[in-house]
>>> print(open('coords_36.cif').read())   # mmCIF, C-alpha atoms
data_model
loop_
_atom_site.label_atom_id
_atom_site.label_comp_id
_atom_site.auth_asym_id
_atom_site.auth_seq_id
_atom_site.Cartn_x
_atom_site.Cartn_y
_atom_site.Cartn_z
CA MET A 1 -25.81 114.89 44.08
CA HIS A 2 -22.16 115.64 43.63
CA ASN A 3 -22.10 117.66 46.83
CA CYS A 4 -23.71 114.86 48.82
CA GLY A 5 -20.96 112.52 47.79
CA ILE A 6 -18.22 114.88 48.98
CA ILE A 7 -19.94 115.32 52.35
CA PHE A 8 -20.25 111.58 52.80
CA CYS A 9 -16.57 111.01 52.12
CA SER A 10 -15.54 113.73 54.57
CA VAL A 11 -17.64 112.22 57.36
CA LEU A 12 -16.23 108.75 56.67
CA LEU A 13 -12.62 110.06 56.95
CA MET A 14 -13.31 111.81 60.22
CA ALA A 15 -14.90 108.68 61.66
CA MET A 16 -11.83 106.65 60.75
CA VAL A 17 -9.55 109.15 62.53
CA PHE A 18 -11.44 109.17 65.83
CA LEU A 19 -12.39 105.49 66.02
CA PRO A 20 -9.76 103.50 68.06
CA GLY A 21 -7.75 100.93 66.21
CA CYS A 22 -8.15 102.55 62.88
CA THR A 23 -4.94 104.59 63.12
CA THR A 24 -1.84 104.66 65.32
CA GLN A 25 -0.47 107.56 67.32
CA ASP A 26 3.02 108.30 68.41
CA THR A 27 2.59 108.65 72.18
CA GLY A 28 6.32 109.20 72.92
CA TYR A 29 6.70 105.89 74.80
CA PRO A 30 8.74 102.94 73.52
CA VAL A 31 6.92 100.26 71.73
CA ALA A 32 6.34 97.25 74.00
CA THR A 33 7.83 93.97 72.92
CA PRO A 34 5.07 91.54 72.10
CA ALA A 35 4.72 88.58 74.47
CA PRO A 36 5.98 85.28 73.18
CA GLN A 37 3.37 83.04 71.72
CA VAL A 38 2.75 79.49 72.82
CA VAL A 39 3.39 77.06 70.04
CA ASN A 40 1.81 73.58 70.18
CA ALA A 41 1.15 73.85 73.93
CA HIS A 42 4.91 74.32 74.64
CA PRO A 43 6.11 77.54 76.21
CA PRO A 44 8.74 79.34 74.25
CA ILE A 45 12.40 78.84 75.23
CA THR A 46 13.95 82.02 76.42
CA THR A 47 17.73 82.19 76.19
CA THR A 48 19.32 83.89 79.22
CA ALA A 49 22.24 86.06 78.45
CA GLN A 50 25.49 84.72 79.99
CA PRO A 51 27.08 86.98 82.59
CA LEU A 52 30.41 88.48 81.80
CA LEU A 53 33.30 86.43 83.20
CA ASN A 54 36.48 87.79 84.82
CA VAL A 55 39.16 87.08 82.30
CA HIS A 56 42.68 87.09 83.76
CA LEU A 57 45.22 87.95 81.17
CA PRO A 58 48.87 87.07 81.93
CA ILE A 59 50.92 90.08 82.92
CA ALA A 60 54.50 90.12 81.83
CA ALA A 61 56.89 89.83 84.78
CA PRO A 62 59.20 92.83 85.27
CA THR A 63 62.72 92.37 84.08
CA PRO A 64 65.00 91.91 87.13
CA GLN A 65 67.64 94.57 87.60
CA VAL A 66 71.07 93.70 89.00
CA VAL A 67 72.37 96.23 91.51
CA TYR A 68 76.05 96.04 92.41
CA VAL A 69 76.90 97.19 95.94
CA THR A 70 80.51 97.70 96.99
CA VAL A 71 81.11 96.56 100.57
CA THR A 72 84.37 97.48 102.25
CA THR A 73 85.47 95.24 105.10
CA PRO A 74 88.44 96.06 107.29
CA GLY A 75 91.20 93.59 106.85
CA PRO A 76 93.52 92.36 109.53
CA THR A 77 95.96 94.89 110.70
CA THR A 78 99.56 93.88 110.18
CA THR A 79 102.68 95.58 111.50
CA THR A 80 105.70 95.46 109.25
CA PRO A 81 108.92 95.53 111.21
CA VAL A 82 111.02 98.50 110.30
CA GLY A 83 114.74 98.20 110.69
CA THR A 84 116.97 100.93 112.01
CA VAL A 85 117.73 103.52 109.34
CA CYS A 86 121.10 105.19 109.81
CA THR A 87 122.10 108.44 108.19
CA GLY A 88 125.09 108.66 105.89
CA VAL A 89 127.08 110.62 108.49
CA GLU A 90 129.23 108.22 110.51
CA ARG A 91 129.45 108.84 114.23
CA PRO A 92 132.92 109.83 115.42
CA ALA A 93 132.98 107.31 118.30
CA ALA A 94 131.33 104.09 119.34
CA ASP A 95 128.23 104.17 121.55
CA ILE A 96 128.45 101.35 124.09
CA ARG A 97 125.31 99.78 125.54
CA MET A 98 124.96 97.40 128.45
CA THR A 99 123.30 94.07 127.65
CA GLY A 100 121.91 92.04 130.54
CA ASN A 101 123.05 92.00 134.15
CA VAL A 102 126.28 92.76 135.93
CA TYR A 103 127.52 89.72 137.86
CA GLY A 104 129.84 89.58 140.84
CA LEU A 105 131.63 86.25 141.37
CA ALA A 106 133.21 85.20 144.63
CA SER A 107 135.76 82.41 144.90
CA ASP A 108 135.46 82.91 148.68
CA PRO A 109 132.03 84.39 149.56
CA ASN A 110 133.18 85.18 153.09
CA ALA A 111 135.92 87.42 151.74
CA GLY A 112 133.73 89.15 149.18
CA ILE A 113 133.34 89.49 145.42
CA ASN A 114 136.61 89.29 143.50
CA THR A 115 135.47 88.97 139.84
CA ILE A 116 133.25 91.28 137.75
CA ARG A 117 131.55 90.09 134.53
CA PHE A 118 129.08 91.80 132.17
CA THR A 119 128.21 91.99 128.45
CA ILE A 120 128.26 95.03 126.18
CA GLY A 121 127.03 95.84 122.67
CA LEU A 122 126.91 98.80 120.33
CA ASP A 123 124.24 101.16 119.09
CA PRO A 124 122.97 100.02 115.63
CA CYS A 125 124.39 103.12 113.94
CA SER A 126 127.63 103.17 115.88
CA PRO A 127 131.02 102.59 114.25
CA ALA A 128 133.06 99.56 115.26
CA LEU A 129 134.75 99.63 118.66
CA ASP A 130 138.43 98.78 119.09
CA LEU A 131 138.43 96.94 122.40
CA THR A 132 142.21 97.09 122.66
CA GLN A 133 141.93 100.90 122.96
CA MET A 134 139.14 100.86 125.53
CA ARG A 135 139.88 101.51 129.21
CA ILE A 136 137.92 100.45 132.29
CA VAL A 137 138.10 102.12 135.69
CA PHE A 138 136.83 100.26 138.77
CA THR A 139 136.16 102.15 142.02
CA THR A 140 134.66 101.50 145.47
CA PRO A 141 134.23 104.04 148.28
CA GLY A 142 137.15 102.56 150.22
CA THR A 143 139.62 102.04 147.38
CA PHE A 144 141.48 104.09 144.81
CA PRO A 145 140.33 103.94 141.17
CA ALA A 146 141.82 100.89 139.48
CA PRO A 147 142.41 101.34 135.70
CA LEU A 148 142.25 98.25 133.52
CA MET A 149 143.44 97.66 129.95
CA TYR A 150 142.62 95.04 127.37
CA SER A 151 144.61 91.82 127.60
CA THR A 152 144.41 88.13 126.84
CA ARG A 153 144.66 87.34 130.54
CA ILE A 154 142.64 88.40 133.54
CA SER A 155 144.03 90.35 136.51
CA THR A 156 143.20 93.36 138.63
CA SER A 157 144.85 95.50 135.93
CA PHE A 158 143.63 93.77 132.74
CA PHE A 159 140.25 92.73 131.31
CA THR A 160 139.38 90.20 128.62
CA ALA A 161 136.68 90.30 125.93
CA LYS A 162 135.07 87.17 124.52
CA SER A 163 132.27 86.29 122.11
CA GLY A 164 131.24 82.89 123.39
CA THR A 165 134.57 81.18 123.93
CA THR A 166 136.44 83.21 121.32
CA ARG A 167 138.51 86.21 122.29
CA VAL A 168 137.65 89.35 120.31
CA THR A 169 139.46 92.64 119.83
CA THR A 170 136.81 94.50 117.81
CA LEU A 171 133.11 94.95 118.50
CA LYS A 172 130.68 95.75 115.66
CA PRO A 173 126.98 96.74 115.74
CA GLY A 174 124.93 93.60 116.32
CA ASP A 175 127.79 91.83 118.10
CA GLN A 176 128.25 91.33 121.83
CA ALA A 177 131.33 90.94 123.98
CA GLU A 178 131.62 89.55 127.51
CA ILE A 179 133.97 91.60 129.68
CA THR A 180 135.69 89.95 132.67
CA PHE A 181 138.27 91.26 135.16
CA PHE A 182 139.50 90.68 138.72
CA VAL A 183 139.12 93.11 141.62
CA ASP A 184 140.25 93.19 145.18
CA PRO A 185 137.58 91.47 147.38
CA VAL A 186 134.50 93.68 147.75
CA PRO A 187 132.35 93.04 150.87
CA ALA A 188 128.55 92.96 151.05
CA ASN A 189 126.44 96.13 150.72
CA THR A 190 129.21 98.01 148.94
CA ARG A 191 128.64 100.46 146.13
CA ILE A 192 130.85 99.98 143.09
CA THR A 193 131.39 102.16 140.04
CA ILE A 194 132.56 100.84 136.66
CA GLU A 195 133.48 103.34 133.93
CA LEU A 196 133.83 102.25 130.30
CA LYS A 197 136.06 104.64 128.33
CA PRO A 198 136.13 103.93 124.56
CA SER A 199 138.82 105.66 122.52
CA GLY A 200 137.51 109.06 121.47
CA GLY A 201 134.01 108.30 122.84
CA ALA A 202 131.95 109.25 125.84
CA THR A 203 132.43 107.51 129.16
CA VAL A 204 129.70 105.05 130.12
CA PRO A 205 129.27 104.81 133.92
CA ILE A 206 127.82 101.69 135.57
CA ILE A 207 126.85 101.98 139.23
CA LYS A 208 125.90 98.85 141.20
CA THR A 209 125.74 97.55 144.77
CA THR A 210 126.85 94.20 146.12
CA PRO A 211 124.12 92.12 147.82
CA ALA A 212 123.64 91.92 151.56
CA ARG A 213 124.64 88.26 151.49
CA ILE A 214 127.32 87.21 149.07
CA SER A 215 127.28 83.81 147.34
CA ALA A 216 129.41 82.29 144.61
CA THR A 217 127.42 84.06 141.87
CA ASN A 218 125.62 87.34 142.52
CA VAL A 219 123.56 89.72 140.42
CA LEU A 220 124.57 93.26 141.30
CA SER A 221 121.65 95.67 141.61
#
>>> encode(input="coords_36.cif", output="structure tokens")
Amino acid sequence: MHNCGIIFCSVLLMAMVFLPGCTTQDTGYPVATPAPQVVNAHPPITTTAQPLLNVHLPIAAPTPQVVYVTVTTPGPTTTTPVGTVCTGVERPAADIRMTGNVYGLASDPNAGINTIRFTIGLDPCSPALDLTQMRIVFTTPGTFPAPLMYSTRISTSFFTAKSGTTRVTTLKPGDQAEITFFVDPVPANTRITIELKPSGGATVPIIKTTPARISATNVLS
């Protein structure tokens, strides 16, 4: 009797194992979510997940950097006048320079030129010139050399020196003196030679020619 009971229990356990629905098995698949149930004839409300939105976060602006650039522009070119620089050694004699034209004046143009006039100056570094010690020699091809000395009156043997209307005896650098003297009438197309002979200095020759037609005032070329 006891053995029959054990057999009956064993058969009952085996039947419970093999009958579907009595036990559950792990099949390896995920458990399905049960379908929503209808409540009071109203379908269940399913909440849809909201999509992710693009969130724009403010980005800090970069700090501006100051860059210093040096630009060099050429400025206007200026020329500074430079004066004459003389050495400490004084020249032994005056250096005479011609200033302007040599003029031939004719009181009677038909006879020829009878007055010579020109202006002289000195080199900037030259010592003063004593006009009373200067000599002038006037020559033409048909005449003998005529020496002239400084004087307060004009003749064929004497010359005068003026600064404006004032007679001068000394010429300094930066000053000018107008020299005037008489000559024997010189006809047209005649070559003349004027030599300036400062005391102790070099002779300065001036060579000119009278014009083809002589008038009261003529520029000798």
>>> resolve_selection(input="coords_36.cif", expression="the PyMOL selection byres ((chain A and resi 203-205) around 9)", output="list of chain:residue names")
A:Asp95, A:Ile96, A:Arg97, A:Thr193, A:Ile194, A:Glu195, A:Leu196, A:Lys197, A:Pro198, A:Gly201, A:Ala202, A:Ile206, A:Ile207
>>> resolve_selection(input="coords_36.cif", expression="the PyMOL selection byres ((chain A and resi 183-189) around 12)", output="JSON, numbers by chain")
{"A": [104, 105, 106, 107, 108, 109, 110, 111, 112, 113, 114, 115, 116, 117, 136, 137, 138, 139, 140, 141, 142, 143, 144, 145, 146, 147, 148, 154, 155, 156, 157, 158, 159, 180, 181, 182, 190, 191, 192, 193, 194, 208, 209, 210, 211, 212, 213, 214, 215, 218, 220, 221]}
>>> resolve_selection(input="coords_36.cif", expression="the PyMOL selection byres ((chain A and resi 100) around 9)", output="CSV table (one decimal) with C-alpha atoms, keeping the file's coordinate frame")
chain,number,residue,atom,x,y,z
A,98,MET,CA,125.0,97.4,128.4
A,99,THR,CA,123.3,94.1,127.6
A,101,ASN,CA,123.0,92.0,134.2
A,102,VAL,CA,126.3,92.8,135.9
A,118,PHE,CA,129.1,91.8,132.2
A,119,THR,CA,128.2,92.0,128.4
A,120,ILE,CA,128.3,95.0,126.2
>>> residues_around(input="coords_36.cif", residues="Leu129 (chain A)", least_positions_apart="3", cutoff="9 Å", atoms="only C-alpha atoms", output="PyMOL selection string")
chain A and resi 93-96+122+126+132-134+169-173+198-199
>>> atom_distance(input="coords_36.cif", atom1="CA of Arg153 (chain A)", atom2="CA of Pro124 (chain A)")
29.2 Å
>>> atom_distance(input="coords_36.cif", atom1="CA of Gly200 (chain A)", atom2="CA of Thr165 (chain A)")
28.1 Å
>>> atom_distance(input="coords_36.cif", atom1="CA of Thr160 (chain A)", atom2="CA of Ala128 (chain A)")
17.5 Å
